[in-house]
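Engineer: Structure file final.cif, mmCIF, C-alpha atoms, is pasted below:
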```
data_entry
loop_
_atom_site.label_atom_id
_atom_site.label_comp_id
_atom_site.auth_asym_id
_atom_site.auth_seq_id
_atom_site.Cartn_x
_atom_site.Cartn_y
_atom_site.Cartn_z
CA MET I 26 1.19 2.46 28.01
CA THR I 27 3.88 -0.15 28.44
CA THR I 28 1.20 -2.74 27.85
CA ALA I 29 0.71 -1.31 24.38
CA VAL I 30 4.43 -1.81 23.76
CA GLU I 31 4.25 -5.39 24.98
CA LYS I 32 1.25 -6.09 22.79
CA VAL I 33 2.95 -4.70 19.70
CA ILE I 34 6.00 -6.84 20.33
CA ALA I 35 3.75 -9.85 20.81
CA GLY I 36 2.27 -9.06 17.41
CA ASP I 37 -1.24 -8.07 18.53
CA VAL I 38 -2.96 -6.91 15.35
CA ARG I 39 -5.54 -4.65 16.98
CA THR I 40 -2.96 -2.79 19.02
CA VAL I 41 -0.75 -2.30 15.98
CA ALA I 42 -3.71 -1.15 13.87
CA ARG I 43 -4.76 1.30 16.55
CA LEU I 44 -1.26 2.61 17.07
CA ILE I 45 -0.85 3.38 13.37
CA ARG I 46 -4.17 5.22 13.50
CA ASP I 47 -2.94 7.27 16.45
CA ILE I 48 0.26 8.07 14.56
CA ASP I 49 -1.77 9.18 11.54
CA ASP I 50 -4.11 11.27 13.66
CA LYS I 51 -1.11 12.83 15.46
CA ILE I 52 -2.29 11.89 18.92
CA PRO I 53 0.42 13.28 21.25
CA GLU I 54 0.33 10.27 23.61
CA VAL I 55 1.63 8.10 20.81
CA ARG I 56 5.12 9.52 21.20
CA LYS I 57 5.63 7.77 24.50
CA VAL I 58 4.79 4.40 22.93
CA LEU I 59 7.06 5.08 19.95
CA LYS I 60 9.93 5.98 22.29
CA ASP I 61 9.54 2.69 24.11
CA LEU I 62 9.21 0.75 20.87
CA TYR I 63 12.30 2.21 19.27
CA PRO I 64 14.79 -0.13 21.00
CA HIS I 65 12.83 -3.03 19.48
CA THR I 66 13.24 -1.81 15.91
CA GLY I 67 15.98 -2.27 13.33
CA LYS I 68 15.47 -5.92 12.54
CA ALA I 69 13.13 -5.64 9.55
CA TYR I 70 14.30 -5.07 6.00
CA VAL I 71 12.47 -2.17 4.38
CA ILE I 72 11.76 -2.15 0.65
CA GLY I 73 10.28 0.85 -1.15
CA ILE I 74 8.25 0.41 -4.33
CA THR I 75 7.43 3.49 -6.35
CA GLY I 76 6.33 4.49 -9.83
CA ALA I 77 3.63 6.35 -11.70
CA PRO I 78 -0.03 5.39 -11.26
CA GLY I 79 -0.95 2.27 -13.22
CA VAL I 80 2.51 0.71 -13.52
CA GLY I 81 1.41 -2.22 -11.37
CA LYS I 82 2.80 -1.46 -7.93
CA SER I 83 0.05 -3.15 -5.93
CA THR I 84 0.09 -6.21 -8.17
CA LEU I 85 3.84 -6.51 -7.75
CA VAL I 86 3.66 -6.07 -3.99
CA ASP I 87 1.01 -8.80 -3.86
CA GLN I 88 3.35 -11.18 -5.69
CA MET I 89 6.32 -10.22 -3.53
CA VAL I 90 4.31 -10.96 -0.41
CA ASN I 91 3.41 -14.33 -1.87
CA HIS I 92 7.06 -15.18 -2.56
CA TYR I 93 8.29 -14.05 0.84
CA ARG I 94 5.55 -16.04 2.55
CA LYS I 95 6.65 -19.14 0.66
CA GLN I 96 10.11 -18.55 2.07
CA GLY I 97 8.52 -18.50 5.51
CA LYS I 98 9.11 -14.77 6.03
CA THR I 99 6.55 -12.44 7.57
CA VAL I 100 5.65 -9.26 5.75
CA GLY I 101 4.22 -5.84 6.56
CA VAL I 102 2.83 -3.66 3.77
CA LEU I 103 2.21 0.08 3.91
CA ALA I 104 0.31 1.24 0.84
CA VAL I 105 0.12 5.00 0.41
CA ASP I 106 -2.59 6.64 -1.68
CA PRO I 107 -3.20 10.33 -2.22
CA THR I 108 -5.63 12.39 -0.19
CA SER I 109 -7.93 14.60 -2.24
CA PRO I 110 -6.73 18.16 -1.74
CA PHE I 111 -10.31 19.34 -2.15
CA SER I 112 -12.26 17.20 0.30
CA GLY I 113 -9.50 15.84 2.50
CA GLY I 114 -10.89 12.39 1.84
CA ALA I 115 -9.19 9.46 0.12
CA ILE I 116 -10.04 6.22 -1.58
CA LEU I 117 -7.50 3.63 -0.53
CA GLY I 118 -7.70 0.89 -3.13
CA ASP I 119 -4.34 -0.85 -2.97
CA ARG I 120 -5.84 -3.70 -0.97
CA ILE I 121 -7.91 -4.78 -3.95
CA ARG I 122 -4.84 -6.52 -5.38
CA MET I 123 -3.69 -7.90 -2.06
CA GLN I 124 -6.82 -9.19 -0.41
CA ARG I 125 -5.79 -12.83 -0.83
CA HIS I 126 -3.35 -12.26 2.02
CA SER I 127 -5.88 -10.87 4.45
CA LEU I 128 -6.48 -14.26 6.07
CA ASP I 129 -2.74 -14.83 6.49
CA GLU I 130 -1.58 -13.92 9.98
CA GLY I 131 1.98 -13.53 8.72
CA VAL I 132 0.96 -10.51 6.69
CA PHE I 133 -0.15 -7.09 7.91
CA ILE I 134 -1.43 -4.69 5.26
CA ARG I 135 -2.24 -1.09 6.02
CA SER I 136 -3.47 1.63 3.66
CA LEU I 137 -2.29 5.15 4.41
CA ALA I 138 -3.51 8.43 2.95
CA THR I 139 -1.09 11.27 2.25
CA ARG I 140 -3.37 13.67 4.17
CA GLY I 141 -1.89 16.78 2.62
CA HIS I 142 -1.53 20.06 4.45
CA PHE I 143 1.34 20.60 6.84
CA GLY I 144 2.99 17.46 5.47
CA GLY I 145 3.87 14.72 7.86
CA LEU I 146 3.42 11.76 5.56
CA THR I 147 7.08 10.93 5.79
CA GLN I 148 6.98 11.16 9.53
CA SER I 149 3.91 9.01 10.02
CA THR I 150 5.01 6.41 7.49
CA ARG I 151 8.39 6.13 9.19
CA SER I 152 6.72 5.68 12.53
CA ALA I 153 4.41 3.05 11.02
CA ILE I 154 7.50 1.26 9.67
CA ASP I 155 8.93 1.27 13.20
CA VAL I 156 5.72 -0.24 14.56
CA LEU I 157 5.65 -3.07 11.99
CA ASP I 158 9.36 -3.60 12.62
CA ALA I 159 8.83 -3.91 16.36
CA MET I 160 5.90 -6.21 15.64
CA GLY I 161 8.49 -8.59 14.22
CA LYS I 162 7.84 -8.47 10.49
CA ASP I 163 10.85 -9.71 8.48
CA TYR I 164 10.14 -7.53 5.46
CA ILE I 165 8.28 -4.24 5.25
CA ILE I 166 7.19 -3.10 1.81
CA VAL I 167 6.22 0.54 1.35
CA GLU I 168 4.27 1.29 -1.79
CA THR I 169 3.76 4.85 -2.94
CA VAL I 170 3.08 6.92 -6.02
CA GLY I 171 6.37 8.51 -6.97
CA VAL I 172 5.20 12.07 -7.17
CA GLY I 173 5.68 14.82 -4.68
CA GLN I 174 8.52 15.42 -2.31
CA ASP I 175 6.90 13.68 0.64
CA GLU I 176 6.60 10.43 -1.23
CA VAL I 177 10.14 10.66 -2.49
CA ASP I 178 11.32 11.01 1.09
CA VAL I 179 9.24 8.04 2.20
CA VAL I 180 10.88 5.86 -0.39
CA LYS I 181 14.29 7.13 0.64
CA SER I 182 13.80 5.69 4.08
CA ALA I 183 13.78 2.20 2.57
CA GLN I 184 16.96 0.16 2.46
CA THR I 185 16.25 -0.96 -1.09
CA THR I 186 14.17 1.18 -3.42
CA VAL I 187 12.58 -0.29 -6.54
CA ILE I 188 11.43 2.12 -9.23
CA MET I 189 8.81 0.74 -11.59
CA VAL I 190 8.20 1.90 -15.13
CA ILE I 191 6.23 0.48 -18.03
CA PRO I 192 7.03 0.41 -21.74
CA GLY I 193 5.73 3.34 -23.72
CA MET I 194 6.43 5.96 -21.08
CA GLY I 195 9.20 7.02 -23.46
CA ASP I 196 10.55 10.39 -22.57
CA ASP I 197 8.28 10.39 -19.56
CA ILE I 198 11.02 8.56 -17.75
CA GLN I 199 12.82 11.87 -17.79
CA ALA I 200 9.83 13.39 -16.10
CA ILE I 201 9.93 11.08 -13.12
CA LYS I 202 10.42 13.34 -10.19
CA ALA I 203 14.02 14.45 -9.96
CA GLY I 204 15.55 13.04 -6.87
CA ILE I 205 13.65 9.82 -7.07
CA LEU I 206 15.54 8.33 -10.01
CA GLU I 207 18.70 8.84 -8.00
CA ALA I 208 17.06 6.99 -5.13
CA GLY I 209 16.50 3.91 -7.27
CA ASP I 210 18.53 0.84 -6.33
CA ILE I 211 16.70 -1.40 -8.78
CA PHE I 212 14.67 -0.48 -11.87
CA LEU I 213 11.85 -2.73 -12.91
CA ILE I 214 10.13 -2.57 -16.29
CA ASN I 215 6.73 -4.06 -15.62
CA LYS I 216 4.26 -5.20 -18.29
CA ALA I 217 7.40 -6.08 -20.24
CA ASP I 218 5.35 -8.05 -22.79
CA ARG I 219 4.18 -4.74 -24.18
CA GLU I 220 5.70 -3.11 -27.18
CA GLY I 221 8.61 -0.84 -26.44
CA ALA I 222 10.08 -2.71 -23.50
CA ASP I 223 13.50 -2.84 -25.13
CA LYS I 224 13.40 0.85 -25.94
CA THR I 225 12.52 1.63 -22.34
CA PHE I 226 15.34 -0.66 -21.22
CA ASN I 227 17.83 1.20 -23.39
CA GLU I 228 16.67 4.59 -22.18
CA LEU I 229 17.03 3.54 -18.58
CA ARG I 230 20.43 2.03 -19.28
CA GLN I 231 21.56 5.24 -20.87
CA MET I 232 20.30 7.32 -18.03
CA ILE I 233 22.04 5.20 -15.45
CA ASP I 234 25.26 5.23 -17.46
CA MET I 235 25.09 9.01 -17.67
CA GLY I 236 25.10 9.13 -13.94
CA HIS I 237 27.89 6.60 -13.76
CA SER I 238 30.09 8.74 -11.58
CA ARG I 239 27.61 8.15 -8.78
CA TYR I 240 27.80 4.42 -9.30
CA GLU I 241 31.51 4.15 -9.95
CA GLU I 242 32.27 2.59 -6.67
CA GLY I 243 29.69 0.24 -5.42
CA TRP I 244 26.18 -0.53 -6.49
CA LYS I 245 25.04 -0.03 -10.05
CA PRO I 246 21.26 -0.34 -10.31
CA PRO I 247 20.20 -3.34 -12.38
CA ILE I 248 17.30 -3.03 -14.81
CA LEU I 249 14.90 -5.95 -14.71
CA LYS I 250 11.85 -6.90 -16.71
CA ALA I 251 8.69 -8.37 -15.24
CA GLU I 252 5.07 -9.16 -15.83
CA ALA I 253 3.91 -8.98 -12.27
CA ALA I 254 0.32 -9.98 -13.02
CA PHE I 255 1.60 -13.35 -14.26
CA ASP I 256 4.28 -13.67 -11.61
CA ARG I 257 7.02 -13.39 -14.21
CA GLY I 258 10.26 -11.75 -13.15
CA VAL I 259 9.33 -11.55 -9.49
CA THR I 260 11.83 -14.22 -8.41
CA GLU I 261 14.56 -12.30 -10.22
CA LEU I 262 13.50 -9.08 -8.50
CA LEU I 263 13.70 -10.69 -5.07
CA GLU I 264 17.15 -12.01 -5.94
CA ALA I 265 18.26 -8.51 -6.92
CA ILE I 266 16.87 -7.15 -3.66
CA GLY I 267 18.81 -9.85 -1.83
CA GLU I 268 21.99 -8.87 -3.69
CA HIS I 269 21.50 -5.24 -2.82
CA ARG I 270 21.00 -6.21 0.78
CA ASN I 271 24.24 -8.20 0.73
CA TYR I 272 25.99 -5.28 -0.88
CA LEU I 273 24.83 -3.00 1.92
CA LEU I 274 25.97 -5.52 4.52
CA LYS I 275 29.38 -5.96 2.92
CA SER I 276 30.12 -2.33 2.16
CA SER I 277 32.72 -1.11 4.57
CA GLU I 278 31.79 -0.34 8.12
CA ALA I 279 32.90 3.26 7.73
CA LYS I 280 30.58 3.70 4.75
CA GLY I 281 27.77 2.01 6.59
CA LEU I 282 28.14 4.42 9.46
CA VAL I 283 28.10 7.39 7.13
CA ARG I 284 24.93 6.08 5.52
CA LYS I 285 23.30 5.48 8.86
CA ARG I 286 24.24 8.91 10.07
CA GLU I 287 22.78 10.46 6.92
CA ARG I 288 19.53 8.61 7.39
CA VAL I 289 19.26 9.54 11.04
CA ARG I 290 20.05 13.15 10.13
CA ASP I 291 17.20 13.19 7.58
CA GLU I 292 14.80 11.54 9.95
CA LEU I 293 15.58 13.79 12.86
CA ALA I 294 15.38 16.93 10.74
CA GLU I 295 12.01 15.77 9.45
CA MET I 296 10.81 15.04 12.96
CA VAL I 297 11.88 18.43 14.33
CA LYS I 298 10.31 20.21 11.37
CA ASN I 299 6.99 18.43 11.68
CA ARG I 300 6.78 18.79 15.40
CA LEU I 301 7.57 22.47 15.16
CA ILE I 302 4.96 23.10 12.49
CA GLN I 303 2.38 21.06 14.33
CA GLU I 304 2.92 22.79 17.68
CA VAL I 305 3.05 26.31 16.26
CA MET I 306 0.11 25.88 13.86
CA GLU I 307 -2.01 24.28 16.54
CA ARG I 308 -1.50 27.25 18.84
CA LEU I 309 -2.05 29.81 16.10
CA LEU I 310 -5.24 28.10 14.96
CA GLU I 311 -6.59 27.56 18.45
CA SER I 312 -6.01 31.13 19.56
CA GLY I 313 -7.67 32.44 16.42
CA GLU I 314 -4.60 34.52 15.57
CA PHE I 315 -4.14 32.69 12.30
CA ASP I 316 -7.64 33.38 11.03
CA LYS I 317 -7.39 36.98 12.13
CA ALA I 318 -4.21 37.34 10.13
CA VAL I 319 -5.88 35.69 7.12
CA ASP I 320 -8.70 38.21 7.32
CA ALA I 321 -6.26 41.09 7.64
CA VAL I 322 -4.33 40.06 4.54
CA ALA I 323 -7.46 39.22 2.54
CA SER I 324 -9.00 42.61 3.26
CA GLY I 325 -5.83 44.41 2.27
CA GLU I 326 -5.17 45.70 5.78
CA THR I 327 -1.68 44.23 5.76
CA ASP I 328 0.61 42.16 3.58
CA PRO I 329 1.34 38.46 4.10
CA TYR I 330 5.01 39.09 4.89
CA SER I 331 4.19 41.37 7.80
CA ALA I 332 1.41 39.03 8.92
CA CYS I 333 3.85 36.14 8.98
CA ASP I 334 6.34 38.17 11.00
CA ASP I 335 3.65 39.16 13.46
CA LEU I 336 2.47 35.59 13.91
CA LEU I 337 5.89 34.15 14.49
CA LEU I 338 7.92 36.87 16.18
CA SER I 339 6.02 36.58 19.40
CA ARG I 340 6.55 32.79 19.45
CA LEU I 341 10.12 32.34 18.40
CA ASP I 342 12.77 34.20 20.28
CA GLY I 343 15.32 35.90 18.13
CA LEU I 344 13.54 35.30 14.84
CA LYS I 345 14.73 37.83 12.33
CA MET S 29 -8.91 14.21 19.53
CA LYS S 30 -9.91 16.95 17.12
CA ASP S 31 -7.73 15.53 14.37
CA ARG S 32 -9.37 12.11 14.26
CA LYS S 33 -10.35 11.36 10.70
CA LEU S 34 -13.17 8.99 9.94
CA ARG S 35 -11.96 5.78 8.30
CA LEU S 36 -14.50 3.57 6.57
CA MET S 37 -14.38 0.37 4.61
CA VAL S 38 -16.54 -0.39 1.59
CA ALA S 39 -16.64 -4.09 0.83
CA LYS S 40 -18.33 -6.43 -1.59
CA PRO S 41 -18.95 -9.79 0.05
CA GLY S 42 -19.89 -12.90 -1.86
CA LEU S 43 -20.08 -13.74 -5.53
CA ASP S 44 -22.00 -10.65 -6.53
CA GLY S 45 -20.16 -8.78 -9.28
CA HIS S 46 -22.11 -5.52 -9.28
CA ASP S 47 -19.68 -3.00 -7.91
CA ARG S 48 -20.93 0.23 -9.45
CA GLY S 49 -22.90 1.13 -6.35
CA ALA S 50 -20.02 0.37 -4.00
CA ARG S 51 -17.66 2.49 -6.07
CA ILE S 52 -20.05 5.40 -6.13
CA ILE S 53 -20.51 5.18 -2.38
CA ALA S 54 -16.74 5.03 -1.89
CA ARG S 55 -16.37 8.13 -3.98
CA ALA S 56 -19.12 9.98 -2.13
CA PHE S 57 -17.37 9.14 1.14
CA ARG S 58 -14.08 10.43 -0.21
CA ASP S 59 -15.73 13.64 -1.34
CA ALA S 60 -17.20 13.98 2.14
CA GLY S 61 -13.66 13.99 3.52
CA PHE S 62 -13.52 10.42 4.84
CA GLU S 63 -10.77 7.91 4.24
CA VAL S 64 -12.25 4.92 2.47
CA VAL S 65 -10.61 1.54 2.15
CA TYR S 66 -12.11 -0.29 -0.80
CA THR S 67 -11.59 -4.04 -0.87
CA GLY S 68 -12.80 -4.92 -4.34
CA LEU S 69 -15.09 -7.75 -5.37
CA HIS S 70 -15.68 -11.27 -4.12
CA GLN S 71 -14.66 -10.93 -0.49
CA THR S 72 -15.44 -13.46 2.18
CA PRO S 73 -16.81 -12.25 5.52
CA GLU S 74 -13.55 -13.48 7.10
CA SER S 75 -11.31 -11.45 4.79
CA ILE S 76 -13.48 -8.36 5.27
CA VAL S 77 -13.33 -8.62 9.05
CA LEU S 78 -9.57 -9.14 9.19
CA ALA S 79 -8.98 -6.29 6.75
CA ALA S 80 -11.25 -4.01 8.78
CA ILE S 81 -9.22 -4.76 11.90
CA GLN S 82 -5.87 -4.18 10.19
CA GLU S 83 -7.14 -0.93 8.70
CA ASP S 84 -8.66 0.21 12.01
CA VAL S 85 -11.82 1.48 10.36
CA ASP S 86 -14.80 2.92 12.25
CA MET S 87 -17.42 1.40 10.00
CA VAL S 88 -17.75 -1.36 7.43
CA GLY S 89 -20.21 -0.77 4.60
CA LEU S 90 -21.30 -3.97 2.86
CA SER S 91 -22.83 -3.93 -0.58
CA SER S 92 -24.89 -6.78 -1.91
CA LEU S 93 -27.09 -6.88 -4.96
CA ALA S 94 -27.30 -10.61 -5.40
CA GLY S 95 -29.57 -11.80 -2.62
CA ALA S 96 -27.10 -13.34 -0.18
CA HIS S 97 -27.28 -10.48 2.32
CA MET S 98 -29.20 -12.49 4.93
CA TYR S 99 -26.18 -14.72 5.35
CA LEU S 100 -23.29 -12.36 4.54
CA PHE S 101 -24.20 -9.26 6.56
CA PRO S 102 -24.89 -10.98 9.92
CA GLU S 103 -21.85 -13.18 9.37
CA VAL S 104 -19.60 -10.11 9.27
CA VAL S 105 -21.19 -8.86 12.50
CA ARG S 106 -20.74 -12.27 14.11
CA LEU S 107 -17.09 -12.63 13.09
CA LEU S 108 -16.27 -9.15 14.38
CA LYS S 109 -17.75 -10.12 17.76
CA GLU S 110 -15.85 -13.40 17.67
CA LYS S 111 -12.63 -11.41 17.24
CA GLY S 112 -13.56 -9.33 20.27
CA VAL S 113 -14.36 -6.25 18.22
CA ASP S 114 -17.42 -4.36 19.40
CA ASP S 115 -16.66 -0.87 18.15
CA ILE S 116 -16.71 -1.27 14.38
CA MET S 117 -20.17 -0.48 13.04
CA VAL S 118 -21.61 -2.58 10.22
CA VAL S 119 -24.04 -1.12 7.69
CA GLY S 120 -25.41 -2.57 4.49
CA GLY S 121 -26.71 -1.45 1.16
CA GLY S 122 -28.10 -2.89 -2.03
CA ILE S 123 -31.18 -4.66 -3.24
CA ILE S 124 -32.66 -5.69 0.07
CA PRO S 125 -36.36 -6.46 0.48
CA ASP S 126 -38.18 -4.41 3.11
CA GLU S 127 -39.09 -7.46 5.15
CA ASP S 128 -35.41 -8.37 5.56
CA ILE S 129 -34.44 -5.03 7.06
CA PRO S 130 -35.78 -5.55 10.61
CA ARG S 131 -34.20 -9.00 10.71
CA LEU S 132 -30.82 -7.62 9.66
CA ARG S 133 -31.10 -4.85 12.22
CA SER S 134 -31.92 -7.31 14.96
CA GLN S 135 -28.76 -9.20 14.04
CA GLY S 136 -26.56 -6.18 14.56
CA VAL S 137 -26.53 -4.43 11.18
CA ALA S 138 -26.85 -0.77 12.19
CA GLN S 139 -28.49 0.59 9.05
CA ILE S 140 -29.61 -0.52 5.58
CA PHE S 141 -29.65 1.68 2.51
CA THR S 142 -31.75 0.56 -0.43
CA PRO S 143 -31.95 1.70 -4.06
CA GLY S 144 -33.05 5.31 -4.24
CA ALA S 145 -31.17 6.34 -1.13
CA ARG S 146 -29.58 9.70 -1.81
CA LEU S 147 -25.80 9.98 -1.47
CA ASP S 148 -26.24 13.13 0.60
CA ASP S 149 -28.49 11.30 3.01
CA ILE S 150 -26.08 8.40 3.37
CA VAL S 151 -23.16 10.74 4.03
CA LYS S 152 -25.28 12.68 6.52
CA TRP S 153 -26.25 9.49 8.31
CA VAL S 154 -22.60 8.46 8.55
CA ARG S 155 -21.59 11.86 9.89
CA GLU S 156 -24.26 11.70 12.56
CA ASN S 157 -23.94 8.07 13.57
CA VAL S 158 -20.36 7.01 13.04
CA LYS S 159 -17.82 8.62 15.31
CA PRO S 160 -14.10 8.15 15.06
CA ARG S 161 -13.23 5.89 17.96
#
```
For this file, produce the structure as structure tokens.
Structural biologist:
Amino acid sequence: MTTAVEKVIAGDVRTVARLIRDIDDKIPEVRKVLKDLYPHTGKAYVIGITGAPGVGKSTLVDQMVNHYRKQGKTVGVLAVDPTSPFSGGAILGDRIRMQRHSLDEGVFIRSLATRGHFGGLTQSTRSAIDVLDAMGKDYIIVETVGVGQDEVDVVKSAQTTVIMVIPGMGDDIQAIKAGILEAGDIFLINKADREGADKTFNELRQMIDMGHSRYEEGWKPPILKAEAAFDRGVTELLEAIGEHRNYLLKSSEAKGLVRKRERVRDELAEMVKNRLIQEVMERLLESGEFDKAVDAVASGETDPYSACDDLLLSRLDGLK
Amino acid sequence: MKDRKLRLMVAKPGLDGHDRGARIIARAFRDAGFEVVYTGLHQTPESIVLAAIQEDVDMVGLSSLAGAHMYLFPEVVRLLKEKGVDDIMVVGGGIIPDEDIPRLRSQGVAQIFTPGARLDDIVKWVRENVKPR
């Protein structure tokens, strides 16, 4: 297994691709590799891009990759698309806008599906970030639709989070998942040539000002305009990302430690939760206990609360 | 290994702009519970192969309705081999004359689906012949 670690560090694309697959498929052996890779992480800068479907996330990411490559930086991209809750399948189409980079060895693009039940998207995306980090990518861009708690959490694990909107969303801005607006370090109005860009700008401004107490000391999210399809405003966005990065570097050591501790706390809690669910569910499904309980509740033999108690009490000592 | 999910790529090589078929296939694969990476139009064999490796797919499905399949399909097979990849299956679909099919097969294209192929049959074939690696 150490050879896998060496290959990742050497930037071997097949090994990295395979490892991310193993992470996604929750292959237990992958943990050993991730443990050994962890000391080699922490060098990459992670940028989260989120926004409603159709705001131009993939197009923007494509342009960002182009700019970073011109600066001589290497880039990893993780593009998350939703899994169909009905079939469990997914169409991963973010590459369509990024295919021009597929021949570039300095770029690694991977499409990920949310996969649904029992969660774990956050966990697997974070692990995939670690892998691309250890692989030596300078920047890692995570692109995800900003709906659903899992995706919000994914974006939160980025150092700089960019929230994209388009003109004409109007009051819909208010409807952007609570908790994600607060996670925004930079707001980008894409397709800014469209009518209503100024109105959208004002609404965002107002919203940010309303939450000014949060921004009183430190970073106040800038609002930028762009037309990503024509490469307009992308340079300015990268500058803003650079400024935010500098801000994070300069903010006091004490603050930095607090932030790091918070992130580690989130990550570890997530990891424990997922592992617990995975282990317990696997056993319950394998032994057939789960399906038996489903039958019992469905047929009216028992209620779901008692069934849940029965399933878990025998597993977890002291569960009340 | 029970959690392995099938990952497939649907790609349109060459200058052919007819993507309706590829999109329908991609959708049928999604509805069958597979993860499908769709590359979009106008891909070169090189870009398809490198994307397939990065995405760690189990199969690449190539769609061609413009007559260049005799070059494009075997070229994808050849480039995969050149990269040392021998476990990503290549299949093709589109307007492909009967007499071309044996020649494509002999050059490493595992299966060819022509107009009239039923989506159910294609999905069934994939289920039976493509295994998550």
Engineer: Using all atoms listed in the file, which residues of chain I come within 9 Å of chain S, and what is the closest atom pair for each, with the distance in Å to one decimal? Give it as JSON lines, sorted by chain and residue number.
Structural biologist:
```
{"residue": "I:Val38", "atom": "CA", "partner": "S:Gln82", "partner_atom": "CA", "distance": 6.5}
{"residue": "I:Arg39", "atom": "CA", "partner": "S:Ile81", "partner_atom": "CA", "distance": 6.3}
{"residue": "I:Val41", "atom": "CA", "partner": "S:Gln82", "partner_atom": "CA", "distance": 8.0}
{"residue": "I:Ala42", "atom": "CA", "partner": "S:Gln82", "partner_atom": "CA", "distance": 5.2}
{"residue": "I:Arg43", "atom": "CA", "partner": "S:Asp84", "partner_atom": "CA", "distance": 6.1}
{"residue": "I:Ile45", "atom": "CA", "partner": "S:Asp84", "partner_atom": "CA", "distance": 8.5}
{"residue": "I:Arg46", "atom": "CA", "partner": "S:Asp84", "partner_atom": "CA", "distance": 6.9}
{"residue": "I:Asp47", "atom": "CA", "partner": "S:Arg32", "partner_atom": "CA", "distance": 8.3}
{"residue": "I:Asp49", "atom": "CA", "partner": "S:Arg32", "partner_atom": "CA", "distance": 8.6}
{"residue": "I:Asp50", "atom": "CA", "partner": "S:Arg32", "partner_atom": "CA", "distance": 5.4}
{"residue": "I:Lys51", "atom": "CA", "partner": "S:Asp31", "partner_atom": "CA", "distance": 7.2}
{"residue": "I:Ile52", "atom": "CA", "partner": "S:Met29", "partner_atom": "CA", "distance": 7.0}
{"residue": "I:Thr108", "atom": "CA", "partner": "S:Glu63", "partner_atom": "CA", "distance": 8.1}
{"residue": "I:Ser109", "atom": "CA", "partner": "S:Arg58", "partner_atom": "CA", "distance": 7.7}
{"residue": "I:Phe111", "atom": "CA", "partner": "S:Asp59", "partner_atom": "CA", "distance": 7.9}
{"residue": "I:Ser112", "atom": "CA", "partner": "S:Gly61", "partner_atom": "CA", "distance": 4.8}
{"residue": "I:Gly113", "atom": "CA", "partner": "S:Gly61", "partner_atom": "CA", "distance": 4.7}
{"residue": "I:Gly114", "atom": "CA", "partner": "S:Gly61", "partner_atom": "CA", "distance": 3.6}
{"residue": "I:Ala115", "atom": "CA", "partner": "S:Glu63", "partner_atom": "CA", "distance": 4.7}
{"residue": "I:Ile116", "atom": "CA", "partner": "S:Val64", "partner_atom": "CA", "distance": 4.8}
{"residue": "I:Leu117", "atom": "CA", "partner": "S:Val65", "partner_atom": "CA", "distance": 4.6}
{"residue": "I:Gly118", "atom": "CA", "partner": "S:Tyr66", "partner_atom": "CA", "distance": 5.1}
{"residue": "I:Asp119", "atom": "CA", "partner": "S:Tyr66", "partner_atom": "CA", "distance": 8.1}
{"residue": "I:Arg120", "atom": "CA", "partner": "S:Thr67", "partner_atom": "CA", "distance": 5.8}
{"residue": "I:Ile121", "atom": "CA", "partner": "S:Thr67", "partner_atom": "CA", "distance": 4.9}
{"residue": "I:Arg122", "atom": "CA", "partner": "S:Gly68", "partner_atom": "CA", "distance": 8.2}
{"residue": "I:Met123", "atom": "CA", "partner": "S:Thr67", "partner_atom": "CA", "distance": 8.9}
{"residue": "I:Gln124", "atom": "CA", "partner": "S:Thr67", "partner_atom": "CA", "distance": 7.0}
{"residue": "I:Arg125", "atom": "CA", "partner": "S:Ser75", "partner_atom": "CA", "distance": 8.0}
{"residue": "I:His126", "atom": "CA", "partner": "S:Ser75", "partner_atom": "CA", "distance": 8.5}
{"residue": "I:Ser127", "atom": "CA", "partner": "S:Ser75", "partner_atom": "CA", "distance": 5.5}
{"residue": "I:Leu128", "atom": "CA", "partner": "S:Ser75", "partner_atom": "CA", "distance": 5.7}
{"residue": "I:Phe133", "atom": "CA", "partner": "S:Gln82", "partner_atom": "CA", "distance": 6.8}
{"residue": "I:Ile134", "atom": "CA", "partner": "S:Gln82", "partner_atom": "CA", "distance": 6.7}
{"residue": "I:Arg135", "atom": "CA", "partner": "S:Glu83", "partner_atom": "CA", "distance": 5.6}
{"residue": "I:Ser136", "atom": "CA", "partner": "S:Glu83", "partner_atom": "CA", "distance": 6.7}
{"residue": "I:Leu137", "atom": "CA", "partner": "S:Glu83", "partner_atom": "CA", "distance": 8.9}
{"residue": "I:Ala138", "atom": "CA", "partner": "S:Glu63", "partner_atom": "CA", "distance": 7.4}
```
Engineer: Kindly extract all protein, DNA and RNA residues lying within 6 Å of the coordinates (25.3, -2.1, -1.8) given in the file, considering only C-alpha atoms, and supply them as a list in words.
Structural biologist: Trp244, His269, Tyr272 and Leu273 of chain I
Engineer: For atom CA of Phe101 of chain S and atom CA of Glu130 of chain I, quote the distance in Å rounded to one decimal.
Structural biologist: 23.3 Å
Engineer: Excluding segment 130-133 of chain S and any residue of its chain fewer than 5 positions from it, enumerate the residues within 12 Å of it, using all atoms listed in the file, and give them as a ChimeraX atom specification.
Structural biologist: /S:96-106,117-121,124-125,138-141
Engineer: Convert the output of the PyMOL selection byres ((chain I and resi 84) around 8) on the shown file into explicit residues, formatted as number ranges by chain.
Structural biologist: I: 81-83, 85-88, 122-123, 253-254
Engineer: Between atom CA of Asp106 of chain I and atom CA of Glu261 of chain I, what is the spacing in Å?
Structural biologist: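 So the two atoms, atom CA of Glu261 of chain I and atom CA of Asp106 of chain I, lie 26.9 Å apart.
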Engineer: Write a file for segment 157-161 of chain I, containing C-alpha atoms (output as a compact mmCIF listing (two decimals), in the first residue's frame).
Structural biologist:
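The result, stored in selection29.txt:
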```txt
# COMPACT_ATOMS: atom_id res chain seq x y z
CA LEU I 157 -5.24 15.95 -5.02
CA ASP I 158 -3.39 17.98 -2.40
CA ALA I 159 -0.89 15.19 -1.81
CA MET I 160 -0.59 14.80 -5.57
CA GLY I 161 0.90 18.29 -5.53
```
